[in-house]
>>> print(open('run19.txt').read())   # compact mmCIF, C-alpha atoms and all ligand atoms
# COMPACT_ATOMS: atom_id res chain seq x y z
CA MET A 1 -3.25 5.77 25.38
CA SER A 2 0.47 5.96 24.69
CA SER A 3 1.75 4.08 21.64
CA THR A 4 4.05 1.21 22.46
CA ILE A 5 6.28 -0.13 19.68
CA PRO A 6 6.09 -3.97 19.65
CA LEU A 7 8.99 -6.36 19.12
CA LEU A 8 9.75 -7.24 15.49
CA ASN A 9 8.29 -10.45 14.09
CA GLU A 10 10.03 -12.58 11.43
CA PHE A 11 8.63 -10.59 8.48
CA GLU A 12 9.67 -7.29 10.00
CA ALA A 13 13.17 -8.52 10.85
CA ALA A 14 13.64 -9.60 7.21
CA HIS A 15 12.67 -6.12 5.99
CA ILE A 16 14.54 -4.12 8.59
CA SER A 17 17.42 -3.23 6.29
CA GLU A 18 15.08 -1.32 3.94
CA ARG A 19 13.42 0.50 6.74
CA GLN A 20 14.29 4.03 7.67
CA ALA A 21 14.38 4.38 11.44
CA LEU A 22 11.99 6.79 13.07
CA PRO A 23 14.11 9.76 14.22
CA ASP A 24 14.58 9.84 18.00
CA ARG A 25 12.80 13.17 18.26
CA TYR A 26 9.55 11.38 17.33
CA LEU A 27 9.79 8.98 20.26
CA GLY A 28 8.31 9.67 23.68
CA LEU A 29 5.85 12.35 22.55
CA SER A 30 2.57 12.63 24.40
CA ASP A 31 -0.63 11.65 22.60
CA ALA A 32 -1.90 15.21 22.89
CA GLU A 33 1.24 16.66 21.29
CA MET A 34 1.17 14.14 18.43
CA ASP A 35 -2.51 14.81 17.78
CA ALA A 36 -1.97 18.55 17.71
CA ARG A 37 1.07 18.39 15.44
CA ILE A 38 -0.57 15.90 13.03
CA ALA A 39 -3.55 18.24 12.80
CA VAL A 40 -1.27 21.20 11.98
CA ALA A 41 0.63 19.24 9.30
CA ARG A 42 -2.62 18.02 7.74
CA ALA A 43 -4.01 21.54 7.64
CA THR A 44 -0.79 22.84 6.07
CA LEU A 45 -0.75 20.18 3.37
CA ALA A 46 -4.52 20.56 2.86
CA GLN A 47 -5.71 19.28 -0.53
CA ARG A 48 -2.21 18.09 -1.45
CA LEU A 49 -2.64 15.25 1.06
CA LEU A 50 -4.90 12.20 1.13
CA ILE A 51 -4.67 9.87 4.13
CA LEU A 52 -6.18 6.42 3.63
CA GLY A 53 -6.87 4.13 6.59
CA HIS A 54 -7.65 0.43 6.57
CA HIS A 55 -10.16 -0.74 9.20
CA TYR A 56 -7.45 -2.67 11.09
CA GLN A 57 -5.51 0.49 11.90
CA ARG A 58 -5.40 1.70 15.48
CA ASP A 59 -7.85 4.40 16.61
CA GLU A 60 -5.09 6.94 17.17
CA VAL A 61 -4.10 6.61 13.48
CA ILE A 62 -7.39 5.97 11.68
CA LYS A 63 -8.99 9.05 13.21
CA PHE A 64 -6.81 11.09 10.84
CA ALA A 65 -7.85 9.19 7.70
CA ASP A 66 -9.72 11.11 4.99
CA GLN A 67 -11.07 7.82 3.67
CA THR A 68 -11.44 4.50 5.51
CA GLY A 69 -12.44 1.16 4.07
CA ASP A 70 -11.74 -2.44 3.23
CA SER A 71 -9.16 -3.19 0.54
CA PHE A 72 -11.67 -2.80 -2.31
CA ARG A 73 -13.15 0.48 -1.14
CA LEU A 74 -9.73 2.02 -0.48
CA ALA A 75 -8.45 1.00 -3.91
CA ARG A 76 -11.57 2.41 -5.58
CA GLY A 77 -11.42 5.67 -3.60
CA ILE A 78 -7.99 6.65 -4.88
CA ALA A 79 -9.31 7.81 -8.26
CA SER A 80 -11.57 10.36 -6.55
CA ARG A 81 -8.61 12.46 -5.39
CA ALA A 82 -6.42 13.26 -8.38
CA ASP A 83 -5.71 16.63 -6.73
CA ALA A 84 -3.69 15.02 -3.92
CA ASP A 85 0.08 14.94 -4.45
CA TYR A 86 0.73 12.65 -1.51
CA ILE A 87 -1.25 9.56 -0.61
CA VAL A 88 -0.28 8.40 2.86
CA PHE A 89 -1.51 4.81 3.15
CA CYS A 90 -2.14 3.75 6.74
CA GLY A 91 -2.35 0.06 5.97
CA VAL A 92 0.14 -2.54 4.77
CA HIS A 93 2.65 -2.82 1.95
CA PHE A 94 0.53 -4.60 -0.70
CA MET A 95 -2.17 -1.93 -0.32
CA ALA A 96 0.33 0.86 -0.89
CA GLU A 97 1.76 -0.98 -3.91
CA SER A 98 -1.70 -1.30 -5.43
CA ALA A 99 -2.28 2.38 -4.78
CA ASP A 100 0.99 3.27 -6.52
CA VAL A 101 -0.18 1.43 -9.63
CA LEU A 102 -3.61 3.09 -9.60
CA VAL A 103 -2.55 6.70 -8.97
CA ALA A 104 -1.77 9.39 -11.56
CA PRO A 105 1.93 9.89 -12.45
CA HIS A 106 2.30 13.04 -10.30
CA GLN A 107 0.99 11.32 -7.14
CA ARG A 108 3.33 9.69 -4.63
CA VAL A 109 2.26 6.90 -2.30
CA ILE A 110 3.80 6.66 1.15
CA LEU A 111 3.67 3.86 3.73
CA PRO A 112 4.42 5.41 7.14
CA ASP A 113 6.46 2.36 8.28
CA LEU A 114 8.01 0.13 5.62
CA ALA A 115 7.91 -2.79 8.07
CA ALA A 116 4.12 -2.85 7.73
CA GLY A 117 3.98 -5.92 5.50
CA CYS A 118 1.64 -8.91 5.33
CA SER A 119 2.79 -12.40 6.22
CA MET A 120 0.14 -13.90 3.94
CA ALA A 121 1.37 -11.90 0.94
CA ASP A 122 4.87 -13.21 1.66
CA MET A 123 3.60 -16.79 1.28
CA ALA A 124 3.52 -16.40 -2.51
CA ALA A 125 6.89 -15.49 -4.01
CA PRO A 126 7.08 -14.66 -7.74
CA ASP A 127 9.52 -17.53 -8.49
CA GLN A 128 7.21 -19.99 -6.73
CA LEU A 129 4.33 -18.84 -8.93
CA GLU A 130 6.46 -19.14 -12.06
CA ASN A 131 7.40 -22.72 -11.05
CA CYS A 132 3.80 -23.56 -10.31
CA TRP A 133 2.62 -22.29 -13.72
CA GLU A 134 5.40 -24.16 -15.48
CA GLU A 135 4.63 -27.39 -13.58
CA LEU A 136 0.92 -27.09 -14.34
CA THR A 137 1.87 -26.76 -18.02
CA GLN A 138 4.11 -29.84 -17.76
CA MET A 139 1.20 -31.72 -16.17
CA GLY A 140 -0.78 -30.89 -19.33
CA ILE A 141 -3.58 -29.03 -17.51
CA PRO A 142 -5.31 -26.52 -19.83
CA GLY A 143 -7.91 -23.80 -19.11
CA ILE A 144 -6.55 -22.41 -15.84
CA VAL A 145 -7.42 -18.81 -14.91
CA PRO A 146 -5.12 -17.39 -12.23
CA VAL A 147 -6.73 -15.23 -9.54
CA THR A 148 -4.73 -13.55 -6.81
CA TYR A 149 -6.11 -12.03 -3.64
CA ILE A 150 -5.10 -8.37 -3.36
CA ASN A 151 -2.97 -9.48 -0.39
CA SER A 152 -0.04 -10.29 -2.68
CA ALA A 153 3.02 -8.57 -4.12
CA ALA A 154 2.75 -6.44 -7.27
CA ALA A 155 4.92 -8.98 -9.13
CA ILE A 156 2.29 -11.66 -8.44
CA LYS A 157 -0.51 -9.38 -9.65
CA ALA A 158 1.46 -8.60 -12.82
CA PHE A 159 2.02 -12.31 -13.51
CA VAL A 160 -1.68 -13.03 -13.10
CA GLY A 161 -2.73 -10.03 -15.20
CA GLU A 162 -0.45 -11.05 -18.07
CA ARG A 163 -2.02 -14.52 -18.15
CA GLY A 164 -5.62 -13.36 -18.42
CA GLY A 165 -6.33 -13.45 -14.71
CA THR A 166 -7.35 -10.89 -12.14
CA VAL A 167 -7.02 -9.65 -8.59
CA CYS A 168 -9.85 -10.02 -6.08
CA THR A 169 -10.61 -8.72 -2.62
CA SER A 170 -12.64 -10.32 0.13
CA SER A 171 -15.64 -8.24 -0.95
CA ASN A 172 -15.73 -9.28 -4.61
CA ALA A 173 -14.24 -12.80 -4.42
CA GLY A 174 -17.54 -14.52 -5.34
CA ALA A 175 -18.12 -12.31 -8.38
CA THR A 176 -14.47 -12.81 -9.34
CA LEU A 177 -14.76 -16.61 -9.33
CA ARG A 178 -17.86 -16.37 -11.53
CA TRP A 179 -15.89 -14.08 -13.87
CA ALA A 180 -13.01 -16.57 -13.93
CA PHE A 181 -15.21 -19.62 -14.61
CA GLU A 182 -16.69 -17.79 -17.62
CA ARG A 183 -13.14 -17.78 -19.02
CA GLY A 184 -11.75 -21.17 -18.04
CA ASP A 185 -12.44 -24.55 -16.41
CA LYS A 186 -10.19 -24.16 -13.39
CA VAL A 187 -9.00 -21.40 -11.11
CA LEU A 188 -5.56 -21.17 -9.54
CA PHE A 189 -6.30 -19.11 -6.42
CA LEU A 190 -3.54 -17.54 -4.35
CA PRO A 191 -2.24 -16.89 -1.76
CA ASP A 192 -5.11 -17.49 0.74
CA GLN A 193 -6.41 -21.04 0.56
CA HIS A 194 -9.19 -20.22 3.04
CA LEU A 195 -10.67 -17.31 1.08
CA GLY A 196 -10.48 -19.46 -2.06
CA ARG A 197 -12.11 -22.48 -0.44
CA ASN A 198 -14.80 -20.53 1.44
CA THR A 199 -15.77 -18.54 -1.65
CA ALA A 200 -15.80 -21.51 -4.03
CA TYR A 201 -17.84 -23.66 -1.62
CA LYS A 202 -20.41 -20.88 -1.26
CA MET A 203 -20.91 -20.87 -5.04
CA GLY A 204 -21.50 -24.63 -5.12
CA ILE A 205 -18.06 -26.13 -5.76
CA ALA A 206 -17.61 -29.25 -3.61
CA LEU A 207 -14.62 -29.69 -1.32
CA ASP A 208 -13.47 -32.74 -3.30
CA GLU A 209 -13.25 -30.51 -6.38
CA MET A 210 -10.50 -28.47 -4.68
CA VAL A 211 -6.84 -29.33 -4.21
CA VAL A 212 -4.13 -27.53 -2.23
CA TRP A 213 -0.96 -26.62 -4.11
CA ASP A 214 2.07 -26.60 -1.78
CA PRO A 215 4.65 -24.24 -3.34
CA HIS A 216 7.42 -25.94 -1.34
CA GLU A 217 6.78 -29.34 -2.99
CA MET A 218 7.58 -30.46 -6.55
CA PHE A 219 4.38 -30.26 -8.62
CA GLY A 220 2.67 -28.78 -5.58
CA GLY A 221 2.77 -32.21 -3.92
CA LEU A 222 -0.03 -33.31 -6.28
CA GLU A 223 -0.52 -35.99 -8.96
CA PRO A 224 -1.63 -34.80 -12.43
CA GLU A 225 -4.91 -36.74 -12.09
CA GLN A 226 -5.76 -34.87 -8.87
CA VAL A 227 -5.21 -31.51 -10.56
CA ALA A 228 -7.09 -32.64 -13.68
CA ARG A 229 -10.16 -33.50 -11.57
CA ALA A 230 -10.08 -30.26 -9.57
CA LYS A 231 -11.94 -27.02 -10.32
CA MET A 232 -10.05 -24.99 -7.70
CA ILE A 233 -6.28 -25.15 -7.19
CA LEU A 234 -5.75 -23.44 -3.83
CA TRP A 235 -2.33 -22.06 -2.97
CA LYS A 236 -1.12 -23.22 0.44
CA GLY A 237 -1.14 -19.81 2.16
CA HIS A 238 -3.08 -18.30 5.02
CA CYS A 239 -3.43 -15.31 7.34
CA SER A 240 -1.83 -16.06 10.68
CA VAL A 241 -4.23 -13.66 12.40
CA HIS A 242 -7.42 -15.22 11.03
CA GLU A 243 -6.23 -18.83 11.30
CA ARG A 244 -6.41 -18.47 15.07
CA PHE A 245 -10.21 -18.47 15.10
CA SER A 246 -11.74 -21.86 15.87
CA VAL A 247 -14.99 -23.80 16.07
CA GLN A 248 -14.32 -24.30 19.80
CA GLN A 249 -14.34 -20.53 20.33
CA ILE A 250 -17.72 -20.32 18.58
CA ALA A 251 -19.15 -23.15 20.70
CA ALA A 252 -17.89 -21.48 23.90
CA ILE A 253 -19.29 -18.06 23.04
CA ARG A 254 -22.68 -19.52 22.10
CA THR A 255 -22.82 -21.17 25.55
CA GLN A 256 -21.81 -18.00 27.37
CA HIS A 257 -24.01 -15.64 25.35
CA PRO A 258 -27.25 -17.31 24.22
CA GLY A 259 -28.62 -15.46 21.16
CA VAL A 260 -25.19 -14.27 20.06
CA ARG A 261 -24.62 -13.98 16.30
CA VAL A 262 -21.19 -14.88 15.02
CA ILE A 263 -19.70 -13.03 12.06
CA VAL A 264 -16.25 -13.81 10.65
CA HIS A 265 -13.90 -12.66 7.91
CA PRO A 266 -13.53 -15.11 4.96
CA GLU A 267 -9.81 -15.53 5.72
CA VAL A 268 -10.80 -17.85 8.62
CA PRO A 269 -10.69 -21.66 8.07
CA PHE A 270 -13.62 -23.40 6.33
CA GLU A 271 -15.06 -25.10 9.43
CA VAL A 272 -15.14 -21.75 11.26
CA VAL A 273 -17.18 -20.15 8.47
CA GLU A 274 -19.50 -23.16 8.57
CA ALA A 275 -20.01 -22.77 12.32
CA ALA A 276 -20.54 -18.98 12.09
CA ASP A 277 -23.78 -17.20 11.17
CA ASP A 278 -22.32 -14.77 8.67
CA CYS A 279 -19.11 -14.01 6.83
CA GLY A 280 -17.71 -11.09 4.85
CA SER A 281 -15.09 -8.40 4.32
CA THR A 282 -14.32 -5.82 7.00
CA GLU A 283 -16.67 -3.35 5.31
CA TYR A 284 -19.43 -6.00 5.26
CA ILE A 285 -18.84 -6.82 8.94
CA ILE A 286 -19.18 -3.14 9.90
CA LYS A 287 -22.35 -2.70 7.85
CA THR A 288 -23.96 -5.88 9.15
CA VAL A 289 -23.26 -5.16 12.81
CA THR A 290 -24.16 -1.45 12.65
CA ASP A 291 -27.40 -2.22 10.75
CA SER A 292 -28.46 -4.90 13.27
CA PRO A 293 -31.26 -4.20 15.75
CA VAL A 294 -30.40 -2.38 18.95
CA GLY A 295 -29.66 -4.94 21.69
CA SER A 296 -28.07 -7.47 19.32
CA ILE A 297 -25.10 -9.46 20.59
CA TRP A 298 -22.25 -10.11 18.14
CA ALA A 299 -19.08 -12.17 18.31
CA VAL A 300 -16.70 -10.99 15.60
CA GLY A 301 -13.88 -13.07 14.13
CA THR A 302 -11.45 -10.55 12.72
CA GLU A 303 -8.59 -8.23 13.72
CA VAL A 304 -9.02 -6.84 17.22
CA HIS A 305 -8.78 -3.12 16.45
CA LEU A 306 -11.84 -3.30 14.23
CA VAL A 307 -13.71 -5.39 16.81
CA ASN A 308 -12.90 -2.91 19.59
CA ARG A 309 -13.95 0.02 17.39
CA LEU A 310 -17.27 -1.67 16.67
CA ALA A 311 -17.75 -2.27 20.40
CA ASP A 312 -16.73 1.23 21.52
CA ALA A 313 -17.92 3.58 18.82
CA LEU A 314 -19.41 2.20 15.62
CA ALA A 315 -22.19 0.01 17.00
CA PRO A 316 -23.64 1.69 20.10
CA ASP A 317 -26.41 -0.19 21.93
CA ARG A 318 -25.17 -3.53 20.60
CA THR A 319 -22.86 -5.87 22.47
CA VAL A 320 -19.79 -6.63 20.38
CA LEU A 321 -17.29 -9.26 21.53
CA SER A 322 -14.11 -10.64 20.03
CA LEU A 323 -14.53 -14.28 19.07
CA ASP A 324 -11.02 -14.85 20.42
CA ARG A 325 -11.13 -13.67 24.02
CA PHE A 326 -7.48 -12.60 23.82
CA GLY A 327 -8.17 -10.65 20.60
CA CYS A 328 -6.28 -11.28 17.37
CA LEU A 329 -3.79 -8.55 16.55
CA CYS A 330 -2.25 -7.98 13.12
CA SER A 331 1.20 -6.93 14.28
CA THR A 332 2.19 -5.55 10.89
CA MET A 333 -0.88 -3.28 10.63
CA PHE A 334 0.08 -2.15 14.14
CA ARG A 335 3.49 -0.99 12.93
CA VAL A 336 1.86 2.18 11.57
CA SER A 337 1.97 4.36 14.68
CA PRO A 338 0.92 7.98 15.20
CA ASN A 339 4.63 8.69 15.68
CA HIS A 340 5.35 7.47 12.14
CA LEU A 341 2.39 9.36 10.73
CA LEU A 342 3.54 12.58 12.39
CA TRP A 343 7.11 12.14 11.11
CA ILE A 344 5.94 11.46 7.54
CA LEU A 345 3.58 14.45 7.51
CA GLU A 346 6.01 16.95 9.05
CA GLU A 347 8.66 15.90 6.55
CA LEU A 348 6.17 16.37 3.70
CA VAL A 349 5.50 19.88 4.95
CA GLU A 350 9.26 20.45 4.57
CA GLY A 351 9.15 18.96 1.06
CA ARG A 352 10.88 15.70 2.02
CA VAL A 353 9.31 12.38 1.04
CA HIS A 354 10.16 9.28 3.09
CA ASN A 355 9.00 5.68 2.66
CA GLN A 356 7.61 6.14 -0.85
CA ILE A 357 6.34 2.91 -2.39
CA VAL A 358 7.28 2.55 -6.04
CA VAL A 359 6.27 -0.48 -8.10
CA PRO A 360 8.98 -1.16 -10.74
CA ASP A 361 8.03 0.02 -14.23
CA ASP A 362 8.26 -3.50 -15.70
CA GLN A 363 5.50 -4.67 -13.32
CA LYS A 364 3.22 -1.67 -13.60
CA HIS A 365 1.40 -2.38 -16.85
CA TRP A 366 0.15 -5.89 -16.07
CA THR A 367 -0.50 -5.08 -12.42
CA ARG A 368 -2.68 -2.22 -13.62
CA VAL A 369 -4.52 -4.53 -16.03
CA ALA A 370 -5.20 -6.98 -13.19
CA LEU A 371 -6.32 -4.24 -10.78
CA ASP A 372 -8.58 -2.63 -13.38
CA ARG A 373 -10.24 -6.01 -13.90
CA MET A 374 -10.69 -6.26 -10.13
CA LEU A 375 -12.31 -2.82 -9.94
CA SER A 376 -14.72 -3.72 -12.73
CA ILE A 377 -15.94 -6.90 -10.99
CA GLN A 378 -18.45 -6.31 -8.17
P1 LIG A 401 -10.61 -6.52 3.83
O1 LIG A 401 -10.57 -5.27 4.65
O2 LIG A 401 -10.53 -6.20 2.36
O3 LIG A 401 -11.76 -7.36 4.19
O4 LIG A 401 -9.26 -7.34 4.10
C1 LIG A 401 -8.82 -7.76 5.31
C2 LIG A 401 -7.36 -7.94 5.35
O5 LIG A 401 -6.84 -8.91 5.77
C3 LIG A 401 -6.51 -6.87 4.90
O6 LIG A 401 -5.26 -7.29 5.01
FE1 LIG A 402 -2.03 -9.80 6.20
FE2 LIG A 402 -3.62 -11.12 7.89
FE3 LIG A 402 -2.57 -8.77 8.64
FE4 LIG A 402 -4.48 -8.87 6.74
S1 LIG A 402 -4.70 -9.42 8.88
S2 LIG A 402 -2.58 -7.68 6.67
S3 LIG A 402 -3.96 -10.83 5.71
S4 LIG A 402 -1.44 -10.69 8.17
>>> encode(input="run19.txt", output="structure tokens")
Amino acid sequence: MSSTIPLLNEFEAAHISERQALPDRYLGLSDAEMDARIAVARATLAQRLLILGHHYQRDEVIKFADQTGDSFRLARGIASRADADYIVFCGVHFMAESADVLVAPHQRVILPDLAAGCSMADMAAPDQLENCWEELTQMGIPGIVPVTYINSAAAIKAFVGERGGTVCTSSNAGATLRWAFERGDKVLFLPDQHLGRNTAYKMGIALDEMVVWDPHEMFGGLEPEQVARAKMILWKGHCSVHERFSVQQIAAIRTQHPGVRVIVHPEVPFEVVEAADDCGSTEYIIKTVTDSPVGSIWAVGTEVHLVNRLADALAPDRTVLSLDRFGCLCSTMFRVSPNHLLWILEELVEGRVHNQIVVPDDQKHWTRVALDRMLSIQ
């Protein structure tokens, strides 16, 4: 299948000025030519190269990954390859930033297309978090442990790390909340309100013990008494891909496919998790569906490339359907094309590094502290 380059969304348009254009000579190549040239460049770079691929990447990119995984597994895998000089991260910006903080000083992390961001990560800006923390202090609320989802900028992770908090991923969010409640009475969870709510509810925190902090409102749009009563302060952020899944879709698919089991990612809204049969990270979804008995029917509520891969290759002899019949595409993950990968690799062969992700030195220490805490919590 030829790679089509989609129109820019709002996030991408905002970042276009930092983005180096793909040279014209990398446009219009056939799939076969790109595959062959990527293979040659990989073989030439050999052990100097590590390609990481998140499960939402397209087939024509992820097939070249040395390691695939969810956010947690990819972050953990980096340490295993200290021999690699170049880590090409086929994923999105916050993943490459985390990698840059976790790698050894000689290693360079590259994001094939700098426009591959995450709209959820952009919903928490560092100045908004500083205001929030200051306003919580003014409200006189003690004992708050800040926890940020890995889908956030390095500056947010550094802020959280410096204040005794941690990073979590969708696969260790429950363990992370338990860790946080051993250290404080309340958790400020950002930027995904759904992951925060779904995880806290699962560990027994009632919905009326959670409030939503709107970073666009003074004092989050909340009264001090509301915050004082709450155990979870949920940042008003979300994933625009996963918010599209609905209870109506689940009802419709159960009618059309009696016996279907519904599995969703924890970034979906609360009522969708409640209506589903199971919920977990992308790695968990893959394991659950591939371990299920032959003949099982699954409806999966997550990004469409992973769902299609489960249906076509990973889970043979099971029926795998997208919960959204139009399929939910993460357009920023899709920015990483085989054309970009080929360009990056051929330039590395020539000793030229493009699209390197470098976390500023003043953020590195505390981001590292927060990420090390994350890696220790499972
Ligand atoms: P996981 O692969 O860690 O479950 O995360 C999904 C996601 O949204 C990545 O951006
Ligand atoms: Fe961000 Fe959602 Fe895309 Fe994940 S799926 S990278 S959270 S926009």
>>> atom_distance(input="run19.txt", atom1="atom CA of A:Gly295", atom2="atom CA of A:Leu321")
13.1 Å
>>> axis_aligned_box(input="run19.txt", around="stretch 141-146 of chain A", padding_each_side="6 Å", output="lines of an AutoDock Vina configuration file")
center_x = -5.7
center_y = -23.2
center_z = -16.0
size_x = 16.3
size_y = 23.6
size_z = 19.6
>>> closest_residue(input="run19.txt", among="A:Asn339, A:Val300, A:Ser376, A:Glu267", to="A:Ser30", atoms="only C-alpha atoms")
A:Asn339
>>> closest_residue(input="run19.txt", among="A:Thr169, A:Val247, A:Val40, A:Lys63", to="A:Ala313", atoms="all atoms listed in the file")
A:Lys63
>>> closest_atom_pairs(input="run19.txt", of="chain A", to="ligand LIG 401 (chain A)", cutoff="6 Å", atoms="only C-alpha atoms and all ligand atoms", output="CSV")
residue,atom,partner,partner_atom,distance
A:Asp70,CA,A:LIG401,O1,3.4
A:Ser71,CA,A:LIG401,O2,3.8
A:Phe72,CA,A:LIG401,O2,5.9
A:Thr169,CA,A:LIG401,O2,5.6
A:Ser170,CA,A:LIG401,O3,5.1
A:Ser281,CA,A:LIG401,O3,3.5
A:Thr282,CA,A:LIG401,O3,4.1
>>> residues_near_point(input="run19.txt", point="(-7.5, -11.8, -7.2)", cutoff="10 Å", atoms="only C-alpha atoms", output="PyMOL selection string")
chain A and resi 146-152+156-157+160-161+165-170+172-173+176-177+180+188-191+196+370-371+373-374
>>> residues_around(input="run19.txt", residues="stretch 79-84 of chain A", least_positions_apart="2", cutoff="7 Å", atoms="all atoms listed in the file", output="PDB file with C-alpha atoms, in the frame of the given file")
ATOM      1  CA  GLN A  47      -5.710  19.280  -0.530  1.00  0.00           C
ATOM      2  CA  ARG A  48      -2.210  18.090  -1.450  1.00  0.00           C
ATOM      3  CA  LEU A  49      -2.640  15.250   1.060  1.00  0.00           C
ATOM      4  CA  LEU A  50      -4.900  12.200   1.130  1.00  0.00           C
ATOM      5  CA  ARG A  76     -11.570   2.410  -5.580  1.00  0.00           C
ATOM      6  CA  GLY A  77     -11.420   5.670  -3.600  1.00  0.00           C
ATOM      7  CA  TYR A  86       0.730  12.650  -1.510  1.00  0.00           C
ATOM      8  CA  ILE A  87      -1.250   9.560  -0.610  1.00  0.00           C
ATOM      9  CA  VAL A 103      -2.550   6.700  -8.970  1.00  0.00           C
ATOM     10  CA  ALA A 104      -1.770   9.390 -11.560  1.00  0.00           C
ATOM     11  CA  GLN A 107       0.990  11.320  -7.140  1.00  0.00           C
TER      12      GLN A 107
END
>>> residues_near_ligand(input="run19.txt", ligand="ligand LIG 402 (chain A)", cutoff="6 Å", atoms="all atoms listed in the file", output="list in words")
Cys118, Ser119, Met120, Cys239, Ser240, Val241 and Cys330 of chain A
>>> closest_residue(input="run19.txt", among="A:Asp66, A:Gln249, A:Ser292, A:Leu234", to="A:Ala200", atoms="all atoms listed in the file")
A:Leu234
>>> atom_distance(input="run19.txt", atom1="atom CA of A:Val359", atom2="atom CA of A:Arg58")
26.4 Å
